[in-house]
Structures are given as structure tokens and as C-alpha cells.
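Peer 1: Input entry29.txt, format and content: compact mmCIF, C-alpha atoms.
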```
# COMPACT_ATOMS: atom_id res chain seq x y z
CA MET K 1467 -48.19 46.69 36.12
CA LEU K 1468 -47.50 45.62 32.57
CA VAL K 1469 -48.76 47.83 29.74
CA PHE K 1470 -50.36 45.94 26.89
CA ARG K 1471 -50.96 47.01 23.33
CA LYS K 1472 -54.64 47.72 22.76
CA SER K 1473 -56.39 47.76 19.40
CA MET K 1474 -59.96 49.04 19.36
CA SER K 1475 -61.83 48.68 16.43
CA LEU K 1476 -77.39 24.50 33.62
CA ALA K 1477 -75.36 22.27 34.90
CA ALA K 1478 -75.12 23.64 38.41
CA PRO K 1479 -71.80 25.30 39.16
CA ILE K 1480 -69.70 22.97 41.24
CA MET K 1481 -67.87 25.68 43.11
CA ALA K 1482 -68.18 29.39 43.80
CA ILE K 1483 -66.31 31.85 45.97
CA LEU K 1484 -67.71 35.03 47.40
CA ALA K 1485 -64.43 36.59 48.37
CA MET K 1486 -65.04 39.13 51.13
CA ALA K 1487 -67.63 41.23 52.87
CA ALA K 1488 -67.72 44.55 51.04
CA PRO K 1489 -69.61 47.81 51.07
CA ALA K 1490 -72.77 48.31 49.05
CA ASN K 1491 -70.89 49.89 46.17
CA ALA K 1492 -68.48 46.94 45.87
CA PHE K 1493 -67.11 45.95 42.51
CA THR K 1494 -67.49 42.28 41.63
CA ALA K 1495 -65.36 40.39 39.13
CA CYS K 1496 -66.64 36.95 38.14
CA GLN K 1497 -64.79 34.19 36.31
CA ILE K 1498 -66.04 31.11 34.48
CA THR K 1499 -63.37 28.48 33.94
CA ASP K 1500 -62.89 26.09 31.10
CA THR K 1501 -62.68 22.42 32.03
CA GLY K 1502 -59.67 21.59 34.15
CA GLY K 1503 -60.70 23.57 37.21
CA ILE K 1504 -59.68 26.77 38.92
CA ASP K 1505 -56.53 25.12 40.28
CA ASP K 1506 -55.33 23.59 37.01
CA ASN K 1507 -51.76 24.96 37.31
CA SER K 1508 -52.46 26.50 33.91
CA PHE K 1509 -54.67 29.06 32.20
CA ASN K 1510 -57.71 28.93 34.51
CA GLN K 1511 -55.54 29.38 37.59
CA THR K 1512 -53.34 32.06 36.05
CA ALA K 1513 -56.36 34.15 35.06
CA TRP K 1514 -57.87 33.72 38.53
CA GLU K 1515 -54.61 34.94 40.08
CA GLY K 1516 -55.20 38.23 38.26
CA VAL K 1517 -58.63 38.50 39.89
CA LEU K 1518 -57.18 37.65 43.30
CA GLN K 1519 -54.46 40.25 42.88
CA ALA K 1520 -57.12 42.84 42.10
CA GLN K 1521 -59.00 41.71 45.19
CA ALA K 1522 -55.90 42.23 47.32
CA ASP K 1523 -54.91 45.55 45.76
CA LEU K 1524 -58.28 47.12 45.01
CA GLY K 1525 -60.66 45.56 47.53
CA ILE K 1526 -62.98 44.07 44.92
CA ASP K 1527 -65.30 41.13 45.40
CA ALA K 1528 -64.47 37.94 43.47
CA ARG K 1529 -66.38 34.85 42.41
CA PHE K 1530 -65.75 31.91 40.13
CA LEU K 1531 -67.70 29.06 38.62
CA GLU K 1532 -66.04 25.90 37.34
CA SER K 1533 -67.10 24.15 34.14
CA GLU K 1534 -66.89 20.38 34.37
CA ALA K 1535 -67.77 19.98 30.68
CA GLU K 1536 -68.40 22.13 27.62
CA THR K 1537 -72.14 21.72 28.24
CA ASP K 1538 -71.73 23.85 31.39
CA TYR K 1539 -70.56 27.00 29.58
CA GLU K 1540 -73.93 28.51 28.68
CA ALA K 1541 -75.55 27.61 31.98
CA ASN K 1542 -72.68 29.04 34.03
CA ILE K 1543 -72.75 32.32 32.12
CA THR K 1544 -76.53 32.54 32.48
CA SER K 1545 -76.29 32.03 36.23
CA LEU K 1546 -74.05 35.11 36.54
CA LEU K 1547 -76.29 37.46 34.56
CA GLY K 1548 -78.57 39.93 36.26
CA GLY K 1549 -76.21 42.63 37.48
CA ALA K 1550 -74.26 40.84 40.21
CA CYS K 1551 -71.02 40.93 38.20
CA ASP K 1552 -69.45 44.16 36.98
CA ILE K 1553 -67.28 42.11 34.64
CA ILE K 1554 -67.55 38.45 33.66
CA PHE K 1555 -64.32 36.75 32.57
CA THR K 1556 -64.71 33.63 30.42
CA ILE K 1557 -61.53 31.61 30.18
CA GLY K 1558 -60.63 29.85 26.98
CA PHE K 1559 -61.24 29.63 23.26
CA LEU K 1560 -63.98 27.05 23.67
CA LEU K 1561 -66.19 29.58 25.50
CA GLY K 1562 -66.18 31.87 22.46
CA ASP K 1563 -69.64 31.00 21.12
CA ALA K 1564 -71.37 30.95 24.51
CA THR K 1565 -69.80 34.30 25.44
CA GLN K 1566 -70.84 35.90 22.17
CA GLU K 1567 -74.42 34.70 22.50
CA ALA K 1568 -74.70 35.99 26.07
CA ALA K 1569 -73.03 39.32 25.24
CA GLN K 1570 -75.34 40.00 22.32
CA ALA K 1571 -78.40 39.15 24.40
CA ASN K 1572 -77.21 41.27 27.35
CA PRO K 1573 -75.59 44.42 25.94
CA ASP K 1574 -75.34 46.09 29.36
CA GLN K 1575 -73.22 43.29 30.80
CA LEU K 1576 -69.47 43.60 30.32
CA PHE K 1577 -67.43 40.53 29.38
CA SER K 1578 -63.78 39.77 28.77
CA ILE K 1579 -62.70 36.49 27.20
CA VAL K 1580 -59.23 34.97 27.38
CA ASP K 1581 -57.76 33.47 24.19
CA TYR K 1582 -60.52 34.72 21.89
CA SER K 1583 -61.46 37.81 19.91
CA TYR K 1584 -64.36 38.75 17.69
CA ASN K 1585 -64.39 40.23 14.20
CA PRO K 1586 -66.26 42.49 14.10
CA SER K 1587 -65.73 43.31 17.74
CA LEU K 1588 -68.55 43.51 20.27
CA ASP K 1589 -68.94 46.72 22.26
CA ASN K 1590 -69.32 44.88 25.57
CA VAL K 1591 -66.59 42.25 25.09
CA LEU K 1592 -62.84 42.74 25.39
CA GLY K 1593 -60.77 39.87 24.01
CA GLN K 1594 -57.44 38.98 25.58
CA VAL K 1595 -55.08 37.37 23.09
CA TYR K 1596 -51.41 36.52 23.24
CA ALA K 1597 -48.56 36.26 20.76
CA THR K 1598 -47.54 33.01 22.40
CA ASP K 1599 -45.63 31.90 19.33
CA GLU K 1600 -43.02 34.58 20.08
CA ALA K 1601 -42.08 33.03 23.43
CA ALA K 1602 -42.52 29.50 22.06
CA PHE K 1603 -40.01 30.36 19.30
CA LEU K 1604 -37.45 30.95 22.04
CA GLY K 1605 -38.50 27.68 23.68
CA GLY K 1606 -38.02 25.75 20.45
CA TYR K 1607 -34.62 27.31 19.85
CA LEU K 1608 -33.60 26.43 23.40
CA ALA K 1609 -34.86 22.86 23.03
CA ALA K 1610 -32.94 22.37 19.81
CA GLY K 1611 -29.78 23.64 21.46
CA MET K 1612 -30.20 21.42 24.53
CA SER K 1613 -31.34 18.16 22.91
CA GLU K 1614 -28.83 15.35 23.10
CA THR K 1615 -30.77 13.04 20.76
CA GLY K 1616 -31.50 15.63 18.09
CA ILE K 1617 -35.22 14.90 18.50
CA VAL K 1618 -37.77 17.00 20.41
CA GLY K 1619 -41.52 16.54 20.64
CA THR K 1620 -44.78 18.31 21.30
CA PHE K 1621 -48.46 17.50 21.59
CA GLY K 1622 -51.61 19.50 22.22
CA GLY K 1623 -54.84 19.15 24.12
CA ILE K 1624 -57.29 20.16 21.39
CA ASN K 1625 -56.52 21.36 17.87
CA ILE K 1626 -57.53 25.00 18.38
CA PRO K 1627 -55.55 28.20 17.72
CA PRO K 1628 -54.56 29.00 21.35
CA VAL K 1629 -52.95 25.53 21.48
CA THR K 1630 -51.38 25.32 18.05
CA ILE K 1631 -49.83 28.78 18.33
CA PHE K 1632 -47.49 27.33 20.97
CA MET K 1633 -46.68 24.39 18.71
CA ASP K 1634 -46.11 26.65 15.71
CA GLY K 1635 -43.64 28.86 17.54
CA PHE K 1636 -41.84 25.84 19.01
CA ALA K 1637 -41.40 24.22 15.59
CA TYR K 1638 -40.27 27.48 13.99
CA GLY K 1639 -37.74 28.01 16.78
CA VAL K 1640 -36.24 24.57 16.15
CA GLU K 1641 -36.14 25.32 12.43
CA TYR K 1642 -34.36 28.63 13.07
CA TYR K 1643 -31.78 26.87 15.23
CA ASN K 1644 -31.16 24.37 12.44
CA GLN K 1645 -30.70 27.18 9.92
CA ARG K 1646 -28.17 28.99 12.11
CA HIS K 1647 -26.21 25.93 13.21
CA GLY K 1648 -26.46 23.63 10.21
CA THR K 1649 -28.13 20.96 12.33
CA ASP K 1650 -31.14 18.76 11.69
CA VAL K 1651 -33.01 18.61 15.00
CA MET K 1652 -36.38 16.94 14.38
CA VAL K 1653 -39.76 17.97 15.81
CA LEU K 1654 -42.21 15.16 16.46
CA GLY K 1655 -45.90 15.78 17.07
CA TRP K 1656 -46.64 18.84 14.95
CA SER K 1657 -46.10 20.30 11.50
CA PRO K 1658 -46.93 24.01 10.98
CA GLU K 1659 -47.13 23.37 7.24
CA THR K 1660 -49.58 20.46 7.20
CA ARG K 1661 -51.35 21.46 10.46
CA GLN K 1662 -51.20 17.81 11.48
CA GLY K 1663 -50.05 16.61 14.87
CA LEU K 1664 -50.73 14.84 18.15
CA PHE K 1665 -53.69 15.84 20.33
CA THR K 1666 -55.14 14.24 23.44
CA ASN K 1667 -58.54 15.85 22.74
CA ASN K 1668 -58.89 16.90 26.37
CA PHE K 1669 -57.32 19.16 28.98
CA GLU K 1670 -57.84 16.88 31.98
CA SER K 1671 -56.28 13.43 31.65
CA LEU K 1672 -52.89 13.06 33.30
CA ASP K 1673 -52.83 9.49 32.00
CA ASP K 1674 -52.96 10.85 28.46
CA GLY K 1675 -50.14 13.24 29.25
CA ARG K 1676 -48.01 10.38 30.44
CA ALA K 1677 -48.89 8.12 27.50
CA PHE K 1678 -48.25 10.75 24.82
CA ALA K 1679 -44.94 11.70 26.42
CA GLN K 1680 -43.98 8.01 26.67
CA ASN K 1681 -44.62 7.52 22.97
CA LEU K 1682 -42.56 10.57 22.03
CA TYR K 1683 -39.76 9.49 24.35
CA GLU K 1684 -39.71 6.03 22.81
CA GLU K 1685 -39.35 7.70 19.40
CA GLY K 1686 -36.25 9.47 20.64
CA ALA K 1687 -37.48 12.81 21.99
CA ASP K 1688 -35.57 13.98 25.06
CA ILE K 1689 -37.40 17.33 25.42
CA ILE K 1690 -41.20 17.55 25.18
CA LEU K 1691 -43.61 20.50 25.08
CA PRO K 1692 -47.10 19.44 26.22
CA VAL K 1693 -49.64 22.16 25.33
CA ALA K 1694 -52.59 20.71 27.17
CA GLY K 1695 -53.00 22.39 30.54
CA PRO K 1696 -53.10 19.88 33.43
CA VAL K 1697 -52.51 17.01 30.98
CA GLY K 1698 -48.88 18.10 30.92
CA LEU K 1699 -48.54 17.14 34.59
CA GLY K 1700 -48.70 13.53 33.45
CA SER K 1701 -45.76 14.16 31.13
CA ALA K 1702 -43.84 15.73 34.00
CA ALA K 1703 -44.55 12.69 36.16
CA LEU K 1704 -42.96 10.47 33.52
CA ALA K 1705 -39.94 12.77 33.26
CA ASN K 1706 -39.64 12.70 37.04
CA GLU K 1707 -39.41 8.90 36.98
CA LEU K 1708 -36.98 8.79 34.07
CA GLY K 1709 -34.89 11.69 35.34
CA PRO K 1710 -34.11 14.96 33.53
CA ASP K 1711 -31.02 13.40 31.97
CA GLU K 1712 -33.44 11.25 29.98
CA LEU K 1713 -36.42 13.58 29.50
CA MET K 1714 -37.01 17.29 30.09
CA ILE K 1715 -40.32 19.11 29.90
CA ILE K 1716 -41.12 22.64 28.74
CA GLY K 1717 -44.19 23.94 30.58
CA VAL K 1718 -46.88 26.25 29.27
CA ASP K 1719 -49.02 29.13 30.53
CA ALA K 1720 -47.48 29.40 34.02
CA ASP K 1721 -43.93 28.89 35.27
CA MET K 1722 -44.37 25.19 36.00
CA TYR K 1723 -41.25 25.09 38.18
CA GLN K 1724 -43.28 27.14 40.65
CA THR K 1725 -46.72 25.61 40.16
CA ASP K 1726 -45.49 21.98 40.08
CA PRO K 1727 -42.62 22.24 42.59
CA GLU K 1728 -42.39 18.52 43.39
CA ARG K 1729 -41.26 17.95 39.80
CA GLY K 1730 -39.67 21.33 39.24
CA HIS K 1731 -36.31 19.80 38.38
CA VAL K 1732 -37.69 18.31 35.12
CA TYR K 1733 -38.78 21.68 33.67
CA LEU K 1734 -36.14 23.15 31.39
CA THR K 1735 -38.28 26.31 31.23
CA SER K 1736 -41.90 27.30 30.62
CA ILE K 1737 -43.60 29.39 27.94
CA VAL K 1738 -45.45 31.87 30.12
CA LYS K 1739 -48.67 33.60 29.18
CA ARG K 1740 -49.46 36.50 31.56
CA MET K 1741 -53.22 36.13 31.73
CA ASP K 1742 -53.07 37.37 35.32
CA ALA K 1743 -51.73 40.73 34.15
CA THR K 1744 -54.28 41.21 31.36
CA VAL K 1745 -57.17 40.20 33.64
CA TYR K 1746 -55.96 42.70 36.23
CA GLN K 1747 -55.68 45.39 33.57
CA VAL K 1748 -59.25 44.78 32.40
CA ILE K 1749 -60.55 45.13 35.96
CA GLU K 1750 -58.73 48.46 36.28
CA MET K 1751 -60.23 49.63 32.99
CA VAL K 1752 -63.78 48.77 34.07
CA ARG K 1753 -63.39 50.45 37.46
CA ALA K 1754 -62.03 53.59 35.79
CA GLY K 1755 -64.88 53.70 33.27
CA GLU K 1756 -62.44 53.13 30.41
CA PHE K 1757 -63.69 49.76 29.14
CA GLU K 1758 -64.13 49.45 25.38
CA GLY K 1759 -64.78 46.38 23.31
CA GLY K 1760 -61.93 45.15 21.17
CA ILE K 1761 -58.66 43.36 21.84
CA ILE K 1762 -55.65 43.61 24.11
CA THR K 1763 -52.60 41.66 23.04
CA GLY K 1764 -49.78 40.34 25.19
CA THR K 1765 -46.45 40.13 23.35
CA LEU K 1766 -42.83 39.34 24.10
CA GLY K 1767 -42.08 43.05 23.87
CA ASN K 1768 -44.63 44.17 26.46
CA GLY K 1769 -44.16 41.21 28.79
CA GLY K 1770 -47.50 39.58 28.03
CA VAL K 1771 -45.67 36.38 27.04
CA ASP K 1772 -42.22 35.26 28.05
CA LEU K 1773 -39.82 32.42 28.64
CA ALA K 1774 -39.52 31.50 32.32
CA PRO K 1775 -36.13 31.26 34.07
CA PHE K 1776 -34.15 28.06 33.70
CA HIS K 1777 -34.15 27.49 37.49
CA ASP K 1778 -32.31 24.19 38.12
CA PHE K 1779 -30.86 24.37 34.62
CA GLU K 1780 -29.16 27.72 35.25
CA GLY K 1781 -25.50 27.12 34.54
CA ILE K 1782 -26.34 24.00 32.57
CA VAL K 1783 -27.70 25.86 29.55
CA PRO K 1784 -24.49 26.94 27.75
CA ALA K 1785 -23.59 30.61 27.94
CA GLY K 1786 -23.42 30.81 24.15
CA LEU K 1787 -26.98 29.53 23.84
CA VAL K 1788 -28.17 32.01 26.47
CA ALA K 1789 -26.56 34.82 24.46
CA GLU K 1790 -28.23 33.64 21.26
CA LEU K 1791 -31.62 33.59 22.99
CA ALA K 1792 -31.10 37.18 24.14
CA GLU K 1793 -30.21 38.20 20.60
CA ILE K 1794 -33.30 36.46 19.19
CA ARG K 1795 -35.53 38.02 21.84
CA ALA K 1796 -34.29 41.46 20.80
CA GLY K 1797 -34.88 40.62 17.14
CA ILE K 1798 -38.46 39.51 17.74
CA THR K 1799 -39.14 42.60 19.84
CA ASP K 1800 -37.77 45.05 17.27
CA GLY K 1801 -39.32 43.21 14.34
CA THR K 1802 -36.14 42.07 12.61
CA ILE K 1803 -37.09 38.45 13.33
CA VAL K 1804 -40.65 37.52 12.43
CA VAL K 1805 -41.88 34.22 13.82
CA GLY K 1806 -43.01 31.87 11.09
CA THR K 1807 -40.92 33.33 8.30
CA ASP K 1808 -37.47 32.51 6.96
```
Can the structure in the file be given as C-alpha cells, please?
Peer 2:
Amino acid sequence: MLVFRKSMSLAAPIMAILAMAAPANAFTACQITDTGGIDDNSFNQTAWEGVLQAQADLGIDARFLESEAETDYEANITSLLGGACDIIFTIGFLLGDATQEAAQANPDQLFSIVDYSYNPSLDNVLGQVYATDEAAFLGGYLAAGMSETGIVGTFGGINIPPVTIFMDGFAYGVEYYNQRHGTDVMVLGWSPETRQGLFTNNFESLDDGRAFAQNLYEEGADIILPVAGPVGLGSAALANELGPDELMIIGVDADMYQTDPERGHVYLTSIVKRMDATVYQVIEMVRAGEFEGGIITGTLGNGGVDLAPFHDFEGIVPAGLVAELAEIRAGITDGTIVVGTD
């Protein structure tokens, strides 16, 4: 089990699972997804895997509700109130307001929200946040070192912090590579300075993922980072047709080589966010009576974020570049390299 740094301070549901028959004193963990579904190969699914692991290890009961649209958030949370859930997990930045409103109105109900935190904190809400830019920095450095065209690209789903933090780290990693190697690899699709970039404005449309990747490819990008959940599967489909010699994809949230195996050969790597581990940790805290409102943060140093293996690109990524990535990882972990600074 990973150890994470901790700082204290109706639309009808379209699907629900009641996991297993359990004794009267059973513990129930409930999850409300963002749009994209429980099997989105991304953040909803990764968080749910943490609940399922707790079910397997600890014998808890597990339920989820899917949100088809943002208008479902409040109704889905309301439907789980009343004592049936020992902890309610809400997945995604966009559920921040609905979670806060429900938590303040129901102080005895415990919540944990992924990709959001409150200032000041709420006693009955534990935020799970991630220093994704640390792992994305490595991804950007890798992309810059692997690009044959000298152009890489990125786009997001919605212009919100849990999305743009990936894009920030990616751009800074490319910039750091350029500084060290005297190169001029370009990043299309996002500028950390102007905060302007490309966004599909959804997390569902594979057609958008394909179209945005096509546009970046036509502008010369041969490696693309889609930060848009399932939308990125559309980008991978394009790369699959073109071939990885023409276009490679960097996945996000989960190791996409494993979750999208039919197109695994197009994924250079993935920027992994271990929501499963933090969700599992929160369940353990609640069961042990140790829950406190505040924040837990997943970092590169504690394993909460990471760069996935290169899989089919093992042996293709030059040994010198691999060594540089290891050096940079150590620098980020010990604080000698700070993402976003010169």
C-alpha cells in the first residue's frame, strides 16, 4: 500500500452495483462518477478499481452511480444520502460544488472527492489531489527526446486545473529538454504562460479525440498528449491507423497500454494518477476511525503519480534518455528540480 502525504488543516442513476451479500455491520463505499462512465479507461474507472480492491481485501460492500451529464451530480449525491453509505466518493473537479453543498447540509455523512480540495477544509470531506505535473514533466521531456519532427502536441477535455496541470507539466518538460540539449522542440495546443490552448469541452467524444489529434498531426506533431479521459481513445485510434512511426500517444490517468490493449503499441507511455491507491487509503482510514477532513496528495516521490513503463518502446527509447529521465525523477523527488521554474 502506498503512503501518501496528508495535510490536515434527479436524473435517475443509470447504473448501480450492490457488490455482495454482507453481514449487518457491513461497510459500504459508494462512488458517483463524472460523465464518461465507470468503465472510461480513465479517472472514473481507476477510482472504482480502488473500491473494488477494498471489496476484495476488506470484504466491504460497494455501489456506484453514473452521471450522464453535469445535471445528474446533485441528484445522484442526494440519492445516496440517508446512512446507506459509510463514505461517498465523488469523482472529478466538476463535482466540487455539488459535493460541498451536500457535505455542508449533511455533516454526519463522510465524503471524499477526487481532484478537488476546499479552502477552508470541511470536516467531513477529504480531498484527493495529485501533483500530476511532476509525472507530466517527465512525459514532456521524453516526448521532446523522442520526437522526430521536433513538434509535439497536447489538448484537454475542459479547461480546469486537473486537466491543465498535465498540460503544464508536459510543456515544462519539453522546455527543460530544450534548455539541456540546445534544441527547439515546439509544443502545440497549450501555453502555460498565456493559459490558452485546445479543448474539446467534453470527456466523451471519441470523434473529437480523433479530430483534434488529426489537426495536430497535420501541423507536424508526431507525439500527442490528450488530457480528456475517453476522448483520448479517438486519438489512439488515429495513431493506430497511421502507425506509431507516424504518431505516438501519451496516455493519462491509467496505463493505457493495459486499459486499451488493442492499440497498446501506439502508447509511448502514460502519465499515471493512482486514484485507486488514494481511494483505498481513504476507505482504510474511515474503517479505522481515522478519517479527518483535509487533503491527501499523491506525488512522484510517494508513488501517487508516475510515468508508466514504455512497454513496446522498451529498447527503442535511447539508453541515454532513460538515464536522463531517472536523473530528473530524482531531482523532482528531492526538490532540486521544481516543475514550472527555470
Peer 1: Check the smallest atom-to-atom distance from each of K:Thr1537, K:Asn1644, K:Thr1735, K:Thr1802 to Leu1691 of chain K using only C-alpha atoms, then report the winner.
Peer 2: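 Answer, going by the shortest atom-to-atom distance: K:Thr1735.
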Peer 1: Rank nothing, just name the residue among K:Asp1538, K:Glu1790, K:Asp1563, K:Glu1712 nearest to Tyr1643 of chain K, using all atoms listed in the file.
Peer 2: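 Smallest distance to Tyr1643 of chain K is found for K:Glu1790.
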Peer 1: When you draw a straight line from atom CA of Val1629 of chain K to atom CA of Glu1536 of chain K, how long is it in Å?
Peer 2: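 Separation between atom CA of Val1629 of chain K and atom CA of Glu1536 of chain K: 17.0 Å.
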Peer 1: Select, from K:Tyr1638, K:Phe1757, K:Trp1656, K:Trp1514, the residue with the minimum atom-to-atom distance to Ala1528 of chain K, counting only C-alpha atoms.
Peer 2: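 Checking each candidate against Ala1528 of chain K, we get K:Trp1514 as the closest.
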Peer 1: Could you list as a ChimeraX atom specification every residue that has an atom within 12 Å of (-53.7, 16.2, 22.3), using the file's coordinates and counting all atoms listed in the file?
Peer 2: /K:1620-1626,1629-1630,1633,1655-1656,1662-1679,1691-1698
Peer 1: So which residues touch Ala1796 of chain K within 12 Å, counting all atoms listed in the file, skipping near sequence neighbours fewer than 5 positions away, as a list in words?
Peer 2: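 In the requested form, the answer reads Glu1600, Ala1601, Leu1604, Leu1766, Gly1767, Ala1789, Glu1790, Leu1791, Gly1801, Thr1802, Ile1803 and Val1804 of chain K.
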Peer 1: Mind running segment 1476-1581 of chain K against segment 1715-1727 of chain K at 8 Å and telling me each contacting residue's nearest atom pair with the distance in Å (one decimal), counting all atoms listed in the file, chain and number ascending, as a tab-separated table?
Peer 2:
```
residue	atom	partner	partner_atom	distance
K:Asn1507	CA	K:Thr1725	CA	5.8
K:Ser1508	CA	K:Asp1719	CA	5.5
K:Phe1509	CA	K:Asp1719	CA	5.9
K:Thr1512	CA	K:Ala1720	CA	6.7
```
Peer 1: Give as a count of residues only the set of residues within 12 Å of the point (-53.9, 46.4, 43.7), where distances use the file's coordinates and all atoms listed in the file.
Peer 2: 17
Peer 1: Taking into account all atoms listed in the file, which residue in the set K:Pro1784, K:Gly1548, K:Gly1764, K:Gly1755 is nearest to Val1595 of chain K?
Peer 2: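 Looking at the shortest contact to Val1595 of chain K, the residue is K:Gly1764.
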Peer 1: What's around Tyr1596 of chain K at 10 Å? Count all atoms listed in the file, leave out sequence neighbours fewer than 6 positions away in its own chain, and write the answer as a PyMOL selection string.
Peer 2: chain K and resi 1580-1582+1628+1631+1739-1741+1744+1762-1766+1770-1771
Peer 1: Quick one: of K:Ile1543, K:Asp1574, K:Gly1611, K:Pro1627, who's nearest to Gly1786 of chain K, counting all atoms listed in the file?
Peer 2: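 Among K:Ile1543, K:Asp1574, K:Gly1611, K:Pro1627, it is K:Gly1611 that comes nearest to Gly1786 of chain K.
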Peer 1: If we count all atoms listed in the file and set the cut-off at 8 Å, which residues sit around Tyr1607 of chain K, ignoring sequence neighbours fewer than 6 positions away in its own chain? Please answer as a list of chain:residue names.
Peer 2: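 Final neighbour list, sorted by chain and number: K:Phe1636, K:Gly1639, K:Val1640, K:Glu1641, K:Tyr1642, K:Tyr1643, K:Leu1791.
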Peer 1: Okay, now the selection with C-alpha atoms, as a compact mmCIF listing (two decimals), in the frame of the given file?
Peer 2:
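What landed in result-v6.txt:
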```txt
# COMPACT_ATOMS: atom_id res chain seq x y z
CA PHE K 1636 -41.84 25.84 19.01
CA GLY K 1639 -37.74 28.01 16.78
CA VAL K 1640 -36.24 24.57 16.15
CA GLU K 1641 -36.14 25.32 12.43
CA TYR K 1642 -34.36 28.63 13.07
CA TYR K 1643 -31.78 26.87 15.23
CA LEU K 1791 -31.62 33.59 22.99
```
Peer 1: To one decimal in Å, tell me the separation between atom CA of Ile1782 of chain K and atom CA of Asp1711 of chain K.
Peer 2: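 Result for atom CA of Ile1782 of chain K versus atom CA of Asp1711 of chain K: 11.6 Å, one decimal.
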Peer 1: Let me have the centre and edge lengths in Å, one decimal, of the box along x, y and z around every listed atom of segment 1752-1767 of chain K with 6 Å of margin on each side, as lines of an AutoDock Vina configuration file.
Peer 2:
```
center_x = -53.5
center_y = 46.5
center_z = 29.3
size_x = 34.8
size_y = 26.4
size_z = 28.3
```
Peer 1: Report the distance between atom CA of Asp1650 of chain K and atom CA of Ser1613 of chain K in Å, rounded to one decimal place.
Peer 2: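 Between atom CA of Asp1650 of chain K and atom CA of Ser1613 of chain K the gap is 11.2 Å.
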Peer 1: Excluding Asp1688 of chain K and its own-chain neighbours fewer than 5 positions away, which residues fall within 10 Å of it when counting all atoms listed in the file? Please give them as a PyMOL selection string.
Peer 2: chain K and resi 1609+1612-1619+1679+1682-1683+1705+1710-1715
Peer 1: Select, from K:Gly1686, K:Asn1510, K:Ser1545, K:Ser1736, the residue with the minimum atom-to-atom distance to Ile1579 of chain K, counting only C-alpha atoms.
Peer 2: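 Closest candidate: K:Asn1510.
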